[in-house]
>>> print(open('input-v1.cif').read())   # mmCIF, C-alpha atoms
data_run
loop_
_atom_site.group_PDB
_atom_site.id
_atom_site.type_symbol
_atom_site.label_atom_id
_atom_site.label_comp_id
_atom_site.auth_asym_id
_atom_site.auth_seq_id
_atom_site.Cartn_x
_atom_site.Cartn_y
_atom_site.Cartn_z
ATOM 1 C CA MET E 1 96.505 85.751 72.159
ATOM 2 C CA ARG E 2 98.802 83.641 74.246
ATOM 3 C CA ILE E 3 97.456 80.877 76.492
ATOM 4 C CA THR E 4 98.915 77.938 78.386
ATOM 5 C CA PHE E 5 97.349 74.495 78.568
ATOM 6 C CA GLU E 6 98.255 70.849 79.004
ATOM 7 C CA ILE E 7 98.300 68.557 75.962
ATOM 8 C CA ASP E 8 99.377 64.960 75.580
ATOM 9 C CA ALA E 9 102.783 64.687 73.897
ATOM 10 C CA ASN E 10 101.568 62.025 71.463
ATOM 11 C CA ASP E 11 98.547 64.148 70.507
ATOM 12 C CA LEU E 12 100.825 67.106 69.857
ATOM 13 C CA LYS E 13 103.095 65.001 67.652
ATOM 14 C CA GLN E 14 100.069 63.814 65.665
ATOM 15 C CA ILE E 15 98.824 67.385 65.294
ATOM 16 C CA GLN E 16 102.245 68.470 64.036
ATOM 17 C CA LYS E 17 102.343 65.582 61.573
ATOM 18 C CA ILE E 18 98.802 66.161 60.273
ATOM 19 C CA THR E 19 99.214 69.935 59.922
ATOM 20 C CA GLY E 20 102.727 69.710 58.523
ATOM 21 C CA GLN E 21 103.911 72.258 61.080
ATOM 22 C CA LYS E 22 107.214 71.618 62.832
ATOM 23 C CA LYS E 23 106.684 74.157 65.616
ATOM 24 C CA LYS E 24 104.125 73.562 68.333
ATOM 25 C CA SER E 25 102.234 76.863 68.376
ATOM 26 C CA PRO E 26 101.643 77.048 64.614
ATOM 27 C CA ALA E 27 100.546 73.399 64.637
ATOM 28 C CA ILE E 28 97.975 74.052 67.363
ATOM 29 C CA SER E 29 96.762 77.229 65.618
ATOM 30 C CA CYS E 30 96.372 75.398 62.318
ATOM 31 C CA ALA E 31 94.543 72.471 63.921
ATOM 32 C CA LEU E 32 92.224 74.808 65.812
ATOM 33 C CA ALA E 33 91.418 76.812 62.666
ATOM 34 C CA ASP E 34 90.671 73.572 60.774
ATOM 35 C CA PHE E 35 88.455 72.367 63.613
ATOM 36 C CA LEU E 36 86.463 75.606 63.720
ATOM 37 C CA GLN E 37 86.026 75.618 59.946
ATOM 38 C CA MET E 38 84.826 72.010 60.026
ATOM 39 C CA ARG E 39 82.278 72.827 62.743
ATOM 40 C CA GLN E 40 81.009 75.836 60.784
ATOM 41 C CA ARG E 41 80.604 73.720 57.643
ATOM 42 C CA ARG E 42 78.801 71.003 59.586
ATOM 43 C CA ALA E 43 76.424 73.541 61.147
ATOM 44 C CA PHE E 44 75.691 75.067 57.735
ATOM 45 C CA ILE E 45 75.067 71.677 56.119
ATOM 46 C CA GLU E 46 72.751 70.616 58.944
ATOM 47 C CA LYS E 47 70.870 73.895 58.634
ATOM 48 C CA ALA E 48 70.615 73.544 54.852
ATOM 49 C CA LEU E 49 69.412 69.939 55.046
ATOM 50 C CA ALA E 50 66.774 70.976 57.573
ATOM 51 C CA GLY E 51 65.556 73.663 55.171
ATOM 52 C CA GLN E 52 66.461 76.453 57.549
ATOM 53 C CA THR E 53 68.542 78.555 55.174
ATOM 54 C CA ASP E 54 67.331 81.857 53.841
ATOM 55 C CA TYR E 55 68.728 81.225 50.377
ATOM 56 C CA PRO E 56 65.896 82.152 47.970
ATOM 57 C CA LEU E 57 66.778 79.958 44.971
ATOM 58 C CA THR E 58 65.669 76.378 44.464
ATOM 59 C CA ASN E 59 68.190 73.754 43.386
ATOM 60 C CA GLU E 60 66.915 73.901 39.789
ATOM 61 C CA GLU E 61 67.214 77.710 39.714
ATOM 62 C CA LEU E 62 70.710 77.507 41.128
ATOM 63 C CA GLU E 63 71.819 74.899 38.579
ATOM 64 C CA THR E 64 70.372 76.973 35.726
ATOM 65 C CA ARG E 65 72.145 80.042 37.038
ATOM 66 C CA ASP E 66 75.464 78.162 37.283
ATOM 67 C CA VAL E 67 75.210 77.050 33.637
ATOM 68 C CA TYR E 68 74.877 80.633 32.437
ATOM 69 C CA GLU E 69 77.496 82.107 34.749
ATOM 70 C CA THR E 70 80.229 79.629 33.831
ATOM 71 C CA ARG E 71 80.083 80.458 30.124
#
>>> encode(input="input-v1.cif", output="structure tokens")
Amino acid sequence: MRITFEIDANDLKQIQKITGQKKKSPAISCALADFLQMRQRRAFIEKALAGQTDYPLTNEELETRDVYETR
């Protein structure tokens, strides 16, 4: 989807440098995707630390399972 918005020139240059993208649109798309992924990870971690996940295994069960599945 195409949109138009104002962005500071220095911010855009930093985004291009950080993402490694030379063109503006791909740089913004990459930065936005990274931002959304970071927010989703943060929300999941906060939920997990609060004990609000519906994952049925305990840490010990998960570690035991990992040992057998990696062999």
>>> atom_distance(input="input-v1.cif", atom1="CA of Ser29 in chain E", atom2="CA of Lys47 in chain E")
27.0 Å
>>> resolve_selection(input="input-v1.cif", expression="the PyMOL selection byres ((chain E and resi 27) around 12)", output="ChimeraX atom specification")
/E:11-26,28-34
>>> atom_distance(input="input-v1.cif", atom1="CA of Asn59 in chain E", atom2="CA of Met38 in chain E")
23.6 Å
>>> atom_distance(input="input-v1.cif", atom1="CA of Thr4 in chain E", atom2="CA of Ala43 in chain E")
28.7 Å
>>> build_atoms(input="input-v1.cif", residues="range 11-39 of chain E", atoms="N, CA and C atoms", output="JSON list (two decimals), keeping the file's coordinate frame")
[["chain", "number", "residue", "atom", "x", "y", "z"],
["E", 11, "ASP", "N", 99.54, 63.37, 71.26],
["E", 11, "ASP", "CA", 98.55, 64.15, 70.51],
["E", 11, "ASP", "C", 99.22, 65.31, 69.79],
["E", 12, "LEU", "N", 100.13, 65.98, 70.47],
["E", 12, "LEU", "CA", 100.82, 67.11, 69.86],
["E", 12, "LEU", "C", 101.65, 66.65, 68.66],
["E", 13, "LYS", "N", 102.32, 65.52, 68.78],
["E", 13, "LYS", "CA", 103.10, 65.00, 67.65],
["E", 13, "LYS", "C", 102.20, 64.68, 66.47],
["E", 14, "GLN", "N", 101.02, 64.12, 66.74],
["E", 14, "GLN", "CA", 100.07, 63.81, 65.67],
["E", 14, "GLN", "C", 99.57, 65.10, 65.01],
["E", 15, "ILE", "N", 99.28, 66.10, 65.83],
["E", 15, "ILE", "CA", 98.82, 67.39, 65.29],
["E", 15, "ILE", "C", 99.90, 67.99, 64.40],
["E", 16, "GLN", "N", 101.15, 67.94, 64.84],
["E", 16, "GLN", "CA", 102.24, 68.47, 64.04],
["E", 16, "GLN", "C", 102.37, 67.70, 62.72],
["E", 17, "LYS", "N", 102.23, 66.40, 62.78],
["E", 17, "LYS", "CA", 102.34, 65.58, 61.57],
["E", 17, "LYS", "C", 101.19, 65.88, 60.61],
["E", 18, "ILE", "N", 99.97, 65.93, 61.13],
["E", 18, "ILE", "CA", 98.80, 66.16, 60.27],
["E", 18, "ILE", "C", 98.82, 67.55, 59.65],
["E", 19, "THR", "N", 99.21, 68.56, 60.44],
["E", 19, "THR", "CA", 99.21, 69.94, 59.92],
["E", 19, "THR", "C", 100.46, 70.25, 59.09],
["E", 20, "GLY", "N", 101.49, 69.44, 59.25],
["E", 20, "GLY", "CA", 102.73, 69.71, 58.52],
["E", 20, "GLY", "C", 103.56, 70.81, 59.17],
["E", 21, "GLN", "N", 103.19, 71.20, 60.36],
["E", 21, "GLN", "CA", 103.91, 72.26, 61.08],
["E", 21, "GLN", "C", 104.95, 71.63, 62.00],
["E", 22, "LYS", "N", 106.16, 72.16, 61.98],
["E", 22, "LYS", "CA", 107.21, 71.62, 62.83],
["E", 22, "LYS", "C", 107.19, 72.23, 64.23],
["E", 23, "LYS", "N", 106.74, 73.48, 64.32],
["E", 23, "LYS", "CA", 106.68, 74.16, 65.62],
["E", 23, "LYS", "C", 105.33, 73.92, 66.26],
["E", 24, "LYS", "N", 105.33, 73.92, 67.58],
["E", 24, "LYS", "CA", 104.12, 73.56, 68.33],
["E", 24, "LYS", "C", 102.99, 74.58, 68.19],
["E", 25, "SER", "N", 103.29, 75.84, 68.41],
["E", 25, "SER", "CA", 102.23, 76.86, 68.38],
["E", 25, "SER", "C", 101.55, 76.96, 67.01],
["E", 26, "PRO", "N", 102.31, 77.01, 65.92],
["E", 26, "PRO", "CA", 101.64, 77.05, 64.61],
["E", 26, "PRO", "C", 100.82, 75.78, 64.33],
["E", 27, "ALA", "N", 101.29, 74.65, 64.83],
["E", 27, "ALA", "CA", 100.55, 73.40, 64.64],
["E", 27, "ALA", "C", 99.21, 73.45, 65.35],
["E", 28, "ILE", "N", 99.21, 73.94, 66.59],
["E", 28, "ILE", "CA", 97.98, 74.05, 67.36],
["E", 28, "ILE", "C", 97.05, 75.07, 66.70],
["E", 29, "SER", "N", 97.58, 76.20, 66.27],
["E", 29, "SER", "CA", 96.76, 77.23, 65.62],
["E", 29, "SER", "C", 96.11, 76.70, 64.35],
["E", 30, "CYS", "N", 96.88, 75.97, 63.56],
["E", 30, "CYS", "CA", 96.37, 75.40, 62.32],
["E", 30, "CYS", "C", 95.28, 74.37, 62.61],
["E", 31, "ALA", "N", 95.52, 73.50, 63.57],
["E", 31, "ALA", "CA", 94.54, 72.47, 63.92],
["E", 31, "ALA", "C", 93.26, 73.10, 64.46],
["E", 32, "LEU", "N", 93.40, 74.14, 65.26],
["E", 32, "LEU", "CA", 92.22, 74.81, 65.81],
["E", 32, "LEU", "C", 91.42, 75.50, 64.71],
["E", 33, "ALA", "N", 92.11, 76.15, 63.78],
["E", 33, "ALA", "CA", 91.42, 76.81, 62.67],
["E", 33, "ALA", "C", 90.68, 75.78, 61.81],
["E", 34, "ASP", "N", 91.32, 74.64, 61.54],
["E", 34, "ASP", "CA", 90.67, 73.57, 60.77],
["E", 34, "ASP", "C", 89.45, 73.04, 61.51],
["E", 35, "PHE", "N", 89.56, 72.86, 62.81],
["E", 35, "PHE", "CA", 88.46, 72.37, 63.61],
["E", 35, "PHE", "C", 87.27, 73.33, 63.57],
["E", 36, "LEU", "N", 87.54, 74.62, 63.74],
["E", 36, "LEU", "CA", 86.46, 75.61, 63.72],
["E", 36, "LEU", "C", 85.79, 75.67, 62.36],
["E", 37, "GLN", "N", 86.58, 75.60, 61.30],
["E", 37, "GLN", "CA", 86.03, 75.62, 59.95],
["E", 37, "GLN", "C", 85.16, 74.39, 59.70],
["E", 38, "MET", "N", 85.60, 73.24, 60.18],
["E", 38, "MET", "CA", 84.83, 72.01, 60.03],
["E", 38, "MET", "C", 83.49, 72.12, 60.76],
["E", 39, "ARG", "N", 83.50, 72.66, 61.97],
["E", 39, "ARG", "CA", 82.28, 72.83, 62.74],
["E", 39, "ARG", "C", 81.32, 73.79, 62.05]]
